[in-house]
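Note: the block below is coords12.txt and it holds compact mmCIF, C-alpha atoms.
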```
# COMPACT_ATOMS: atom_id res chain seq x y z
CA MET D 567 0.00 0.00 0.00
CA LYS D 568 1.10 3.54 -0.75
CA LEU D 569 1.62 5.63 2.39
CA PHE D 570 2.11 9.37 2.61
CA TYR D 571 4.70 9.89 5.34
CA ASP D 572 6.59 12.39 7.46
CA PHE D 573 9.01 10.71 9.84
CA HIS D 574 10.65 13.80 11.27
CA LEU D 575 8.43 15.79 13.62
CA HIS D 576 9.39 17.43 16.89
CA SER D 577 7.30 18.21 19.95
CA CYS D 578 7.60 20.47 22.99
CA LEU D 579 10.13 18.00 24.42
CA SER D 580 12.76 19.27 22.00
CA PRO D 581 14.34 22.45 23.39
CA CYS D 582 13.90 24.10 20.00
CA GLY D 583 10.35 22.77 19.66
CA ASP D 584 7.45 25.14 20.12
CA ASP D 585 5.71 24.88 23.53
CA ASP D 586 2.44 24.48 21.60
CA ALA D 587 3.77 21.43 19.81
CA PHE D 588 1.97 18.97 22.07
CA PRO D 589 2.60 15.42 20.87
CA THR D 590 -1.16 14.97 20.40
CA VAL D 591 -1.39 18.16 18.37
CA MET D 592 1.48 17.10 16.13
CA ALA D 593 -0.38 13.82 15.49
CA GLY D 594 -3.59 15.71 14.71
CA MET D 595 -1.88 18.14 12.39
CA ALA D 596 -0.08 15.27 10.65
CA LYS D 597 -3.45 13.68 9.98
CA ALA D 598 -4.89 17.00 8.82
CA ALA D 599 -1.95 17.38 6.42
CA GLY D 600 -3.09 14.17 4.71
CA LEU D 601 -0.35 11.90 6.05
CA ASP D 602 -0.85 8.15 6.53
CA ALA D 603 2.29 7.54 8.60
CA ALA D 604 4.25 9.79 10.94
CA ALA D 605 7.01 9.58 13.54
CA LEU D 606 7.82 11.80 16.49
CA SER D 607 11.57 12.34 16.60
CA ASP D 608 12.60 14.66 19.41
CA HIS D 609 16.27 15.28 20.08
CA ASN D 610 17.82 12.34 21.90
CA SER D 611 14.59 11.36 23.62
CA SER D 612 11.38 9.53 22.83
CA ARG D 613 9.62 10.43 26.08
CA ASN D 614 6.68 12.03 24.24
CA CYS D 615 6.19 9.12 21.87
CA ARG D 616 3.60 7.25 23.92
CA ALA D 617 1.26 10.27 23.92
CA PHE D 618 1.94 10.75 20.21
CA LEU D 619 1.20 7.10 19.39
CA LYS D 620 -2.04 7.14 21.38
CA ALA D 621 -3.17 10.22 19.48
CA CYS D 622 -2.15 8.59 16.19
CA GLY D 623 -4.39 5.67 17.13
CA VAL D 624 -7.32 8.02 17.74
CA TYR D 625 -6.76 9.82 14.43
CA GLY D 626 -6.23 6.64 12.42
CA LEU D 627 -2.64 7.45 11.56
CA ALA D 628 0.22 4.93 11.52
CA GLY D 629 2.57 6.22 14.23
CA LEU D 630 6.17 5.27 14.89
CA PRO D 631 8.24 6.06 17.97
CA ALA D 632 11.48 7.75 17.01
CA MET D 633 14.39 9.92 18.10
CA GLU D 634 16.74 12.31 16.38
CA LEU D 635 20.09 11.20 17.75
CA THR D 636 23.04 13.58 17.98
CA SER D 637 25.95 11.29 17.13
CA ALA D 638 29.46 11.66 18.53
CA GLU D 639 30.28 13.67 15.42
CA GLU D 640 27.20 15.87 16.00
CA ALA D 641 25.53 14.49 12.92
CA HIS D 642 21.79 14.13 13.38
CA ILE D 643 20.55 10.60 12.80
CA LEU D 644 16.85 9.82 12.61
CA CYS D 645 16.15 6.58 14.49
CA LEU D 646 12.78 4.91 13.87
CA LEU D 647 11.80 2.13 16.27
CA PRO D 648 9.14 -0.57 15.99
CA SER D 649 7.60 -0.13 19.48
CA PRO D 650 7.62 2.14 22.55
CA GLU D 651 9.54 -0.58 24.41
CA ALA D 652 12.28 -0.63 21.77
CA ALA D 653 12.36 3.17 21.90
CA ASP D 654 12.75 3.04 25.70
CA GLU D 655 15.64 0.64 25.35
CA TRP D 656 17.32 2.85 22.76
CA GLU D 657 16.82 5.92 24.91
CA LYS D 658 18.41 4.19 27.89
CA TYR D 659 21.43 3.29 25.72
CA VAL D 660 21.73 6.86 24.44
CA ARG D 661 21.27 8.42 27.88
CA GLU D 662 24.15 6.40 29.33
CA ARG D 663 26.41 7.77 26.61
CA GLN D 664 25.39 11.40 26.64
CA LEU D 665 27.24 14.12 28.47
CA PHE D 666 24.95 15.39 31.23
CA VAL D 667 24.45 19.12 30.99
CA GLU D 668 21.51 20.67 32.79
CA ASN D 669 19.17 22.48 30.45
CA ARG D 670 18.83 26.22 30.86
CA PRO D 671 15.34 26.92 29.53
CA GLU D 672 16.00 30.64 29.15
CA ILE D 673 18.68 29.82 26.56
CA PHE D 674 17.51 26.67 24.83
CA GLY D 675 13.81 26.52 25.65
CA ARG D 676 11.72 24.26 27.84
CA GLN D 677 11.68 20.47 27.43
CA LEU D 678 8.18 19.34 28.31
CA VAL D 679 7.08 15.75 28.74
CA MET D 680 3.35 15.36 28.08
CA ASP D 681 0.71 12.67 28.25
CA GLU D 682 -2.16 11.92 25.88
CA ASN D 683 -4.45 14.25 27.88
CA ASP D 684 -2.20 17.22 27.12
CA GLU D 685 -0.99 17.39 30.69
CA VAL D 686 2.64 18.24 31.39
CA THR D 687 3.88 15.27 33.41
CA ASP D 688 7.54 16.22 33.70
CA THR D 689 10.22 18.63 32.56
CA GLU D 690 13.31 16.94 31.18
CA PRO D 691 16.29 18.37 33.11
CA ARG D 692 19.01 17.01 30.77
CA LEU D 693 19.88 19.30 27.88
CA LEU D 694 18.72 17.13 25.01
CA ILE D 695 20.78 18.48 22.14
CA THR D 696 24.25 17.43 23.26
CA ALA D 697 26.05 14.57 21.57
CA ALA D 698 26.07 10.95 22.66
CA SER D 699 29.29 8.97 22.28
CA ILE D 700 27.76 6.83 19.56
CA GLY D 701 29.55 7.11 16.22
CA VAL D 702 28.04 7.16 12.75
CA TYR D 703 29.74 3.86 11.93
CA GLU D 704 27.99 2.03 14.77
CA VAL D 705 24.53 3.59 15.05
CA SER D 706 22.90 1.73 12.16
CA ALA D 707 23.77 -1.72 13.52
CA LEU D 708 22.66 -0.73 17.02
CA VAL D 709 19.25 0.57 15.93
CA SER D 710 18.77 -2.40 13.59
CA SER D 711 19.40 -4.79 16.49
CA LEU D 712 16.30 -3.30 18.14
CA GLY D 713 14.25 -3.83 14.98
CA GLY D 714 14.53 -0.20 13.94
CA ILE D 715 16.24 1.78 11.23
CA ALA D 716 18.77 4.63 11.42
CA ILE D 717 18.64 7.30 8.73
CA PRO D 718 21.09 10.23 8.39
CA ALA D 719 18.88 13.31 8.80
CA HIS D 720 18.69 16.28 6.42
CA ILE D 721 22.00 15.45 4.76
CA ASP D 722 21.70 18.53 2.54
CA ARG D 723 21.89 20.95 5.50
CA SER D 724 25.04 22.88 6.33
CA ALA D 725 24.86 22.10 10.05
CA PHE D 726 24.39 18.90 12.07
CA SER D 727 24.34 16.64 9.03
CA LEU D 728 26.43 13.65 8.05
CA LEU D 729 27.85 15.49 5.04
CA SER D 730 28.44 18.83 6.76
CA ASN D 731 30.24 17.28 9.72
CA LEU D 732 32.02 14.34 8.08
CA GLY D 733 32.03 15.41 4.47
CA ALA D 734 31.30 11.88 3.35
CA PHE D 735 28.79 9.10 2.99
CA ASP D 736 30.25 5.65 3.09
CA GLU D 737 28.27 2.46 2.50
CA THR D 738 30.06 0.70 5.33
CA MET D 739 28.16 3.00 7.71
CA GLY D 740 25.23 0.72 6.87
CA PHE D 741 22.54 3.33 6.21
CA PRO D 742 20.07 1.86 3.69
CA VAL D 743 18.31 5.19 3.14
CA VAL D 744 19.02 8.89 3.75
CA GLU D 745 16.81 11.87 4.54
CA LEU D 746 16.69 15.13 2.60
CA SER D 747 14.97 18.32 3.66
CA ALA D 748 12.25 19.71 1.43
CA ALA D 749 14.60 22.37 0.06
CA ALA D 750 17.20 19.89 -1.19
CA ASP D 751 18.11 19.33 -4.81
CA PRO D 752 18.56 15.52 -5.10
CA ALA D 753 20.57 15.75 -8.34
CA ARG D 754 23.01 18.15 -6.72
CA MET D 755 23.42 15.87 -3.69
CA ALA D 756 24.38 12.91 -5.89
CA ALA D 757 26.82 15.09 -7.84
CA LEU D 758 28.34 16.42 -4.63
CA CYS D 759 28.87 13.00 -3.12
CA PRO D 760 29.15 10.21 -5.71
CA ALA D 761 28.84 7.50 -3.01
CA LEU D 762 25.21 8.61 -2.59
CA LYS D 763 24.31 7.78 -6.18
CA GLY D 764 21.50 5.22 -6.25
CA VAL D 765 20.78 5.47 -2.50
CA PRO D 766 17.04 5.73 -1.73
CA TYR D 767 15.93 8.87 0.05
CA ILE D 768 13.00 10.14 2.05
CA VAL D 769 11.92 13.76 2.39
CA ASP D 770 10.70 14.94 5.80
CA SER D 771 9.63 18.29 7.20
CA ASP D 772 11.59 18.47 10.49
CA ALA D 773 8.59 20.48 11.75
CA HIS D 774 9.11 22.11 15.14
CA ARG D 775 5.64 23.73 15.26
CA PRO D 776 2.22 22.30 14.44
CA CYS D 777 1.79 24.81 11.60
CA ASP D 778 5.08 23.72 10.00
CA ILE D 779 3.82 20.32 8.89
CA PRO D 780 3.38 20.64 5.11
CA ASP D 781 0.69 18.93 3.07
CA ALA D 782 1.44 15.28 2.35
CA ALA D 783 3.65 14.96 -0.72
CA HIS D 784 6.01 12.00 -0.31
CA THR D 785 5.13 8.32 -0.35
CA LEU D 786 6.60 4.89 0.21
CA GLU D 787 5.25 1.43 -0.61
CA ALA D 788 4.72 -0.79 2.44
CA ASP D 789 2.96 -4.13 3.05
CA GLY D 790 0.86 -2.51 5.74
CA PRO D 791 0.64 0.40 8.16
CA GLU D 792 2.35 -1.44 11.04
CA PRO D 793 5.70 -0.01 12.23
CA GLU D 794 7.51 -3.24 11.30
CA ALA D 795 6.13 -3.10 7.75
CA ILE D 796 7.09 0.55 7.37
CA ILE D 797 10.61 -0.04 8.69
CA ARG D 798 10.98 -3.02 6.32
CA ALA D 799 9.82 -0.90 3.38
CA LEU D 800 12.34 1.81 4.28
CA ARG D 801 15.12 -0.72 4.62
CA GLU D 802 14.33 -2.05 1.14
CA GLY D 803 13.75 1.42 -0.30
CA ARG D 804 10.35 0.38 -1.62
CA GLY D 805 8.50 3.10 -3.44
CA LEU D 806 11.26 5.61 -2.69
CA ARG D 807 13.13 7.72 -5.23
CA ARG D 808 16.87 7.32 -5.49
CA LEU D 809 19.71 9.81 -5.64
CA MET Y 885 43.77 40.99 29.62
CA LYS Y 886 40.39 42.38 28.54
CA THR Y 887 38.44 41.30 25.47
CA ASN Y 888 39.08 44.55 23.59
CA GLU Y 889 42.81 44.31 24.31
CA VAL Y 890 42.92 40.73 23.02
CA ALA Y 891 40.98 41.78 19.94
CA GLY Y 892 43.43 44.62 19.30
CA ALA Y 893 46.53 42.50 19.86
CA LEU Y 894 45.33 39.72 17.56
CA GLY Y 895 43.98 42.10 14.91
CA LEU Y 896 40.45 40.72 15.15
CA THR Y 897 37.57 42.40 13.38
CA CYS Y 898 34.74 43.15 15.78
CA LEU Y 899 31.30 42.19 14.50
CA ASN Y 900 29.60 42.80 17.82
CA ALA Y 901 31.20 44.41 20.86
CA PRO Y 902 30.42 42.68 24.16
CA ALA Y 903 27.98 44.38 26.53
CA GLU Y 904 30.94 44.83 28.85
CA GLU Y 905 34.64 44.17 28.40
CA ARG Y 906 35.58 40.97 30.20
CA GLU Y 907 38.79 39.40 31.40
CA VAL Y 908 39.97 36.71 28.95
CA THR Y 909 41.16 33.88 31.15
CA GLY Y 910 42.18 31.33 28.51
CA GLY Y 911 41.17 29.83 25.22
CA TYR Y 912 39.23 26.93 23.78
CA ALA Y 913 39.33 25.82 20.15
CA GLY Y 914 36.64 23.44 18.92
CA ASP Y 915 33.62 23.07 16.67
CA LEU Y 916 31.57 20.30 18.21
CA LEU Y 917 29.14 22.25 20.34
CA SER Y 918 28.63 19.52 22.93
CA TRP Y 919 32.35 19.55 23.68
CA VAL Y 920 32.38 23.30 24.05
CA ILE Y 921 29.44 23.18 26.46
CA GLY Y 922 31.11 20.44 28.46
CA ARG Y 923 34.75 21.55 28.37
CA ALA Y 924 35.23 25.27 27.73
CA GLU Y 925 36.10 27.16 30.91
CA PRO Y 926 34.10 30.30 31.81
CA GLY Y 927 35.90 33.42 30.66
CA CYS Y 928 37.84 31.78 27.85
CA ALA Y 929 37.98 32.99 24.26
CA TRP Y 930 36.32 30.43 21.98
CA MET Y 931 37.80 29.89 18.54
CA THR Y 932 35.52 28.11 16.09
CA ILE Y 933 34.52 27.77 12.46
CA MET Y 934 30.87 27.16 13.35
CA SER Y 935 28.71 30.08 12.30
CA ASN Y 936 25.09 29.16 12.97
CA VAL Y 937 22.74 30.43 15.65
CA ASN Y 938 23.61 27.63 18.08
CA VAL Y 939 27.01 29.24 18.60
CA ALA Y 940 25.33 32.07 20.54
CA ALA Y 941 23.40 29.69 22.79
CA VAL Y 942 26.52 27.65 23.48
CA ALA Y 943 28.58 30.78 24.18
CA VAL Y 944 26.04 31.91 26.79
CA MET Y 945 25.84 28.42 28.27
CA ALA Y 946 29.62 28.03 28.50
CA ASP Y 947 29.99 31.67 29.61
CA VAL Y 948 32.90 32.37 27.27
CA SER Y 949 34.30 35.90 27.22
CA MET Y 950 34.44 36.17 23.42
CA ILE Y 951 33.66 34.23 20.25
CA VAL Y 952 36.31 34.31 17.54
CA LEU Y 953 35.25 33.00 14.15
CA ALA Y 954 38.39 31.61 12.53
CA GLU Y 955 39.29 31.33 8.83
CA ASP Y 956 37.19 34.37 7.95
CA VAL Y 957 34.00 32.41 8.53
CA ARG Y 958 31.00 34.74 8.36
CA PRO Y 959 28.21 34.35 10.91
CA ASP Y 960 24.75 33.79 9.57
CA GLU Y 961 22.21 36.54 10.20
CA THR Y 962 20.57 34.87 13.18
CA LEU Y 963 23.90 34.33 14.94
CA LEU Y 964 24.76 38.00 14.53
CA ARG Y 965 21.34 39.02 15.83
CA LYS Y 966 21.57 36.67 18.82
CA ALA Y 967 25.04 37.97 19.64
CA GLN Y 968 23.63 41.50 19.65
CA GLU Y 969 20.64 40.52 21.78
CA ASN Y 970 22.82 38.72 24.32
CA GLY Y 971 25.66 41.25 24.39
CA LEU Y 972 28.19 38.65 23.21
CA GLY Y 973 31.56 39.70 21.87
CA LEU Y 974 31.71 38.31 18.33
CA TYR Y 975 34.93 38.66 16.32
CA ILE Y 976 36.32 37.37 13.08
CA SER Y 977 39.84 36.58 11.92
CA PRO Y 978 41.51 35.24 8.77
CA MET Y 979 43.73 33.08 10.98
CA GLY Y 980 42.97 29.42 11.63
CA ALA Y 981 42.14 28.10 15.09
CA TYR Y 982 45.70 26.79 15.51
CA GLU Y 983 47.36 30.12 14.86
CA LEU Y 984 44.78 32.01 16.90
CA SER Y 985 45.29 29.65 19.84
CA TRP Y 986 49.06 29.90 19.62
CA ARG Y 987 49.00 33.71 19.52
CA LEU Y 988 46.43 33.93 22.30
CA HIS Y 989 48.55 31.64 24.44
CA GLU Y 990 51.59 33.85 23.91
CA LEU Y 991 49.50 36.90 24.72
CA LEU Y 992 48.16 35.49 27.98
CA SER Y 993 51.44 33.87 29.12
```
As structure tokens, the full file:
Amino acid sequence: MKLFYDFHLHSCLSPCGDDDAFPTVMAGMAKAAGLDAAALSDHNSSRNCRAFLKACGVYGLAGLPAMELTSAEEAHILCLLPSPEAADEWEKYVRERQLFVENRPEIFGRQLVMDENDEVTDTEPRLLITAASIGVYEVSALVSSLGGIAIPAHIDRSAFSLLSNLGAFDETMGFPVVELSAAADPARMAALCPALKGVPYIVDSDAHRPCDIPDAAHTLEADGPEPEAIIRALREGRGLRRL
Amino acid sequence: MKTNEVAGALGLTCLNAPAEEREVTGGYAGDLLSWVIGRAEPGCAWMTIMSNVNVAAVAVMADVSMIVLAEDVRPDETLLRKAQENGLGLYISPMGAYELSWRLHELLS
């Protein structure tokens, strides 16, 4: 089945996320944008994913728990997981490898944990944007071992991307698919980095506010709307364009 | 040595003068923001080639005395605006981080 997707949404848990970006609201706006599948990928945490997934269930949207990992090289890596339990396990792994710096909300913004009733249940004290000591050559295997998939995020951007920070894409990193931002020129990316030629890509919004989720435009071909089926489709690049 | 004295001695171009001149107590050269947050000492001059808005947030967080953009790197508009809003000393130099660090070290020794 063809699914319109956006796998890169933030909520109010991300320091740079809008305080109005309740996980439930992001799910609702994703549905309103015409999406069939969506993932909530806050920086280095999936603590708002349960509320997001419950709302996805209410709206009839295929939801995936996710996280936007800051690798040791400060490259952002989108990690999609098959279940909240797998996401918890991944978060625990990341947390143990992240430098603890206390967030200063006046500088970076608040980091709100919310439930499905739009109640703030906690404020995350750990500054979420700092790097974890997990390298780009190991993250794919680690996330795969939990049944998920790791995808280098917005590789066309000049900051916090695999190409901006490492200057290279190498197939031994094990990433089966890469993410571009909506502004990217796929032909230019392939010309810039020949190793990317033929690699399937997804296009996500990286929306930090409910109003930033664009109308559905990008699709993949999956056996079903279950997280496992979507992750399998991504791994095989089914229905995706290639660089 | 104060920020304006360091800037003068190293021939830095000032893009935004700090709200108040501060004592420069040392230096830190690095571009991975997490490392700067975790390792840079308060009061140090930070040499970097990063030029996006996060540099301002990290500079406030790490409480550095001045930001020096090496290799003639130009700040993006939002970084410049944030530096102005937060009263951060933002400077630019054609020198690389190595040369800047070496000269700063000689200056402060």
Taking a cut-off of 12 Å and counting only C-alpha atoms, can you build a table that, for each residue of chain Y near chain D, reports the nearest atom pair and how far apart they are in Å (one decimal), sorted by chain then residue number, as a tab-separated table?
```
residue	atom	partner	partner_atom	distance
Y:Asp915	CA	D:Asn731	CA	9.7
Y:Leu916	CA	D:Glu640	CA	6.6
Y:Leu917	CA	D:Thr696	CA	7.5
Y:Ser918	CA	D:Thr696	CA	4.9
Y:Trp919	CA	D:Ala697	CA	8.3
Y:Val920	CA	D:Thr696	CA	10.1
Y:Ile921	CA	D:Val667	CA	7.9
Y:Gly922	CA	D:Val667	CA	7.2
Y:Arg923	CA	D:Leu665	CA	10.6
Y:Ile933	CA	D:Ala725	CA	11.5
Y:Met934	CA	D:Ala725	CA	8.5
Y:Ser935	CA	D:Ala725	CA	9.1
Y:Asn936	CA	D:Ala725	CA	7.6
Y:Val937	CA	D:Ala725	CA	10.3
Y:Asn938	CA	D:Phe674	CA	9.1
Y:Val939	CA	D:Ala725	CA	11.3
Y:Ala940	CA	D:Ile673	CA	9.2
Y:Ala941	CA	D:Ile673	CA	6.0
Y:Val942	CA	D:Ile673	CA	8.7
Y:Ala943	CA	D:Ile673	CA	10.2
Y:Val944	CA	D:Ile673	CA	7.7
Y:Met945	CA	D:Ile673	CA	7.5
Y:Ala946	CA	D:Val667	CA	10.6
Y:Asp947	CA	D:Ile673	CA	11.9
Y:Asp960	CA	D:Ser724	CA	11.4
Y:Lys966	CA	D:Ile673	CA	10.7
Y:Glu969	CA	D:Ile673	CA	11.9
Y:Asn970	CA	D:Ile673	CA	10.1
```
Put those residues in a file: C-alpha atoms, as a PDB file, in the coordinates of the input.
```pdb
ATOM      1  CA  ASP Y 915      33.620  23.070  16.670  1.00  0.00           C
ATOM      2  CA  LEU Y 916      31.570  20.300  18.210  1.00  0.00           C
ATOM      3  CA  LEU Y 917      29.140  22.250  20.340  1.00  0.00           C
ATOM      4  CA  SER Y 918      28.630  19.520  22.930  1.00  0.00           C
ATOM      5  CA  TRP Y 919      32.350  19.550  23.680  1.00  0.00           C
ATOM      6  CA  VAL Y 920      32.380  23.300  24.050  1.00  0.00           C
ATOM      7  CA  ILE Y 921      29.440  23.180  26.460  1.00  0.00           C
ATOM      8  CA  GLY Y 922      31.110  20.440  28.460  1.00  0.00           C
ATOM      9  CA  ARG Y 923      34.750  21.550  28.370  1.00  0.00           C
ATOM     10  CA  ILE Y 933      34.520  27.770  12.460  1.00  0.00           C
ATOM     11  CA  MET Y 934      30.870  27.160  13.350  1.00  0.00           C
ATOM     12  CA  SER Y 935      28.710  30.080  12.300  1.00  0.00           C
ATOM     13  CA  ASN Y 936      25.090  29.160  12.970  1.00  0.00           C
ATOM     14  CA  VAL Y 937      22.740  30.430  15.650  1.00  0.00           C
ATOM     15  CA  ASN Y 938      23.610  27.630  18.080  1.00  0.00           C
ATOM     16  CA  VAL Y 939      27.010  29.240  18.600  1.00  0.00           C
ATOM     17  CA  ALA Y 940      25.330  32.070  20.540  1.00  0.00           C
ATOM     18  CA  ALA Y 941      23.400  29.690  22.790  1.00  0.00           C
ATOM     19  CA  VAL Y 942      26.520  27.650  23.480  1.00  0.00           C
ATOM     20  CA  ALA Y 943      28.580  30.780  24.180  1.00  0.00           C
ATOM     21  CA  VAL Y 944      26.040  31.910  26.790  1.00  0.00           C
ATOM     22  CA  MET Y 945      25.840  28.420  28.270  1.00  0.00           C
ATOM     23  CA  ALA Y 946      29.620  28.030  28.500  1.00  0.00           C
ATOM     24  CA  ASP Y 947      29.990  31.670  29.610  1.00  0.00           C
ATOM     25  CA  ASP Y 960      24.750  33.790   9.570  1.00  0.00           C
ATOM     26  CA  LYS Y 966      21.570  36.670  18.820  1.00  0.00           C
ATOM     27  CA  GLU Y 969      20.640  40.520  21.780  1.00  0.00           C
ATOM     28  CA  ASN Y 970      22.820  38.720  24.320  1.00  0.00           C
TER      29      ASN Y 970
END
```
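Computed from the coordinates, the atom CA of D:Leu627 to atom CA of D:Ala652 distance equals 19.8 Å.
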Quiz item: Within 9 Å of (42.5, 24.9, 19.2), all atoms listed in the file: residues as a list in words?
Solution: Gly911, Tyr912, Ala913, Gly914, Trp930, Met931, Thr932, Gly980, Ala981, Tyr982, Glu983, Leu984, Ser985 and Trp986 of chain Y
Self-check item: 10 Å contact set for D:Phe735, all atoms listed in the file, chain neighbours under 2 positions out, as a count of residues only
Solution: 17
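A straight line drawn from atom CA of D:Ala716 to atom CA of D:Leu644 is 5.7 Å long.
The spacing separating atom CA of D:Ala719 from atom CA of D:Glu655 amounts to 21.1 Å.
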Exercise. Extract, using all atoms listed in the file, all DNA, RNA and protein residues at most 9 Å from Y:Val908, discarding same-chain residues fewer than 6 positions from it, and format them as number ranges by chain.
Key: Y: 885-887, 890, 927-929, 948-950, 992
Next, dump the selected residues to file, keeping only C-alpha atoms, as a PDB file, keeping the file's coordinate frame.
```pdb
ATOM      1  CA  MET Y 885      43.770  40.990  29.620  1.00  0.00           C
ATOM      2  CA  LYS Y 886      40.390  42.380  28.540  1.00  0.00           C
ATOM      3  CA  THR Y 887      38.440  41.300  25.470  1.00  0.00           C
ATOM      4  CA  VAL Y 890      42.920  40.730  23.020  1.00  0.00           C
ATOM      5  CA  GLY Y 927      35.900  33.420  30.660  1.00  0.00           C
ATOM      6  CA  CYS Y 928      37.840  31.780  27.850  1.00  0.00           C
ATOM      7  CA  ALA Y 929      37.980  32.990  24.260  1.00  0.00           C
ATOM      8  CA  VAL Y 948      32.900  32.370  27.270  1.00  0.00           C
ATOM      9  CA  SER Y 949      34.300  35.900  27.220  1.00  0.00           C
ATOM     10  CA  MET Y 950      34.440  36.170  23.420  1.00  0.00           C
ATOM     11  CA  LEU Y 992      48.160  35.490  27.980  1.00  0.00           C
TER      12      LEU Y 992
END
```
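You can rank D:Leu606, D:Ala749, D:Pro648, D:Cys582 by their closest distance to D:Ala795 using all atoms listed in the file, and at the top of that list sits D:Pro648.
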Practice problem: Please identify all polymer residues within 8 Å of Y:Ala967, counting only C-alpha atoms, omitting same-chain residues fewer than 5 positions from it, and present them as an MDAnalysis selection string. | Solution: chainID Y and resid 900 940 972:974
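Each of D:Leu746, D:Cys645, D:Ala757, D:Ser612 was checked against D:Asp770 using all atoms listed in the file; the smallest atom-to-atom distance is that of D:Leu746.
Shell of D:Ser771 at 8 Å, with only C-alpha atoms counted and residues fewer than 3 places along the chain excluded, is Asp572, His574, Leu575, Ser747, Ala748, Asp778, Ile779 and Pro780 of chain D.
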Could you name the residues that touch Y:Thr897 at 10 Å or less, counting all atoms listed in the file, but leaving out those on the same chain fewer than 5 positions away, as a PDB file with C-alpha atoms, keeping the file's coordinate frame?
```
ATOM      1  CA  ALA Y 891      40.980  41.780  19.940  1.00  0.00           C
ATOM      2  CA  GLY Y 892      43.430  44.620  19.300  1.00  0.00           C
ATOM      3  CA  VAL Y 952      36.310  34.310  17.540  1.00  0.00           C
ATOM      4  CA  LEU Y 953      35.250  33.000  14.150  1.00  0.00           C
ATOM      5  CA  ASP Y 956      37.190  34.370   7.950  1.00  0.00           C
ATOM      6  CA  LEU Y 974      31.710  38.310  18.330  1.00  0.00           C
ATOM      7  CA  TYR Y 975      34.930  38.660  16.320  1.00  0.00           C
ATOM      8  CA  ILE Y 976      36.320  37.370  13.080  1.00  0.00           C
ATOM      9  CA  SER Y 977      39.840  36.580  11.920  1.00  0.00           C
ATOM     10  CA  PRO Y 978      41.510  35.240   8.770  1.00  0.00           C
TER      11      PRO Y 978
END
```
Quiz prompt | Point (16.5, 11.4, 16.9), cut-off 8 Å, counting all atoms listed in the file, residues as a PyMOL selection string | solution = chain D and resi 607-611+632-636+642-645
Save out the residues we just selected, C-alpha atoms, as a compact mmCIF listing (two decimals), in the frame of the given file.
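Dumped to result_5.txt:
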```
# COMPACT_ATOMS: atom_id res chain seq x y z
CA SER D 607 11.57 12.34 16.60
CA ASP D 608 12.60 14.66 19.41
CA HIS D 609 16.27 15.28 20.08
CA ASN D 610 17.82 12.34 21.90
CA SER D 611 14.59 11.36 23.62
CA ALA D 632 11.48 7.75 17.01
CA MET D 633 14.39 9.92 18.10
CA GLU D 634 16.74 12.31 16.38
CA LEU D 635 20.09 11.20 17.75
CA THR D 636 23.04 13.58 17.98
CA HIS D 642 21.79 14.13 13.38
CA ILE D 643 20.55 10.60 12.80
CA LEU D 644 16.85 9.82 12.61
CA CYS D 645 16.15 6.58 14.49
```
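Nearest residue to D:Pro631 among D:Gly675, D:Gly583, D:His576, D:Ala599 is D:His576, counting all atoms listed in the file.
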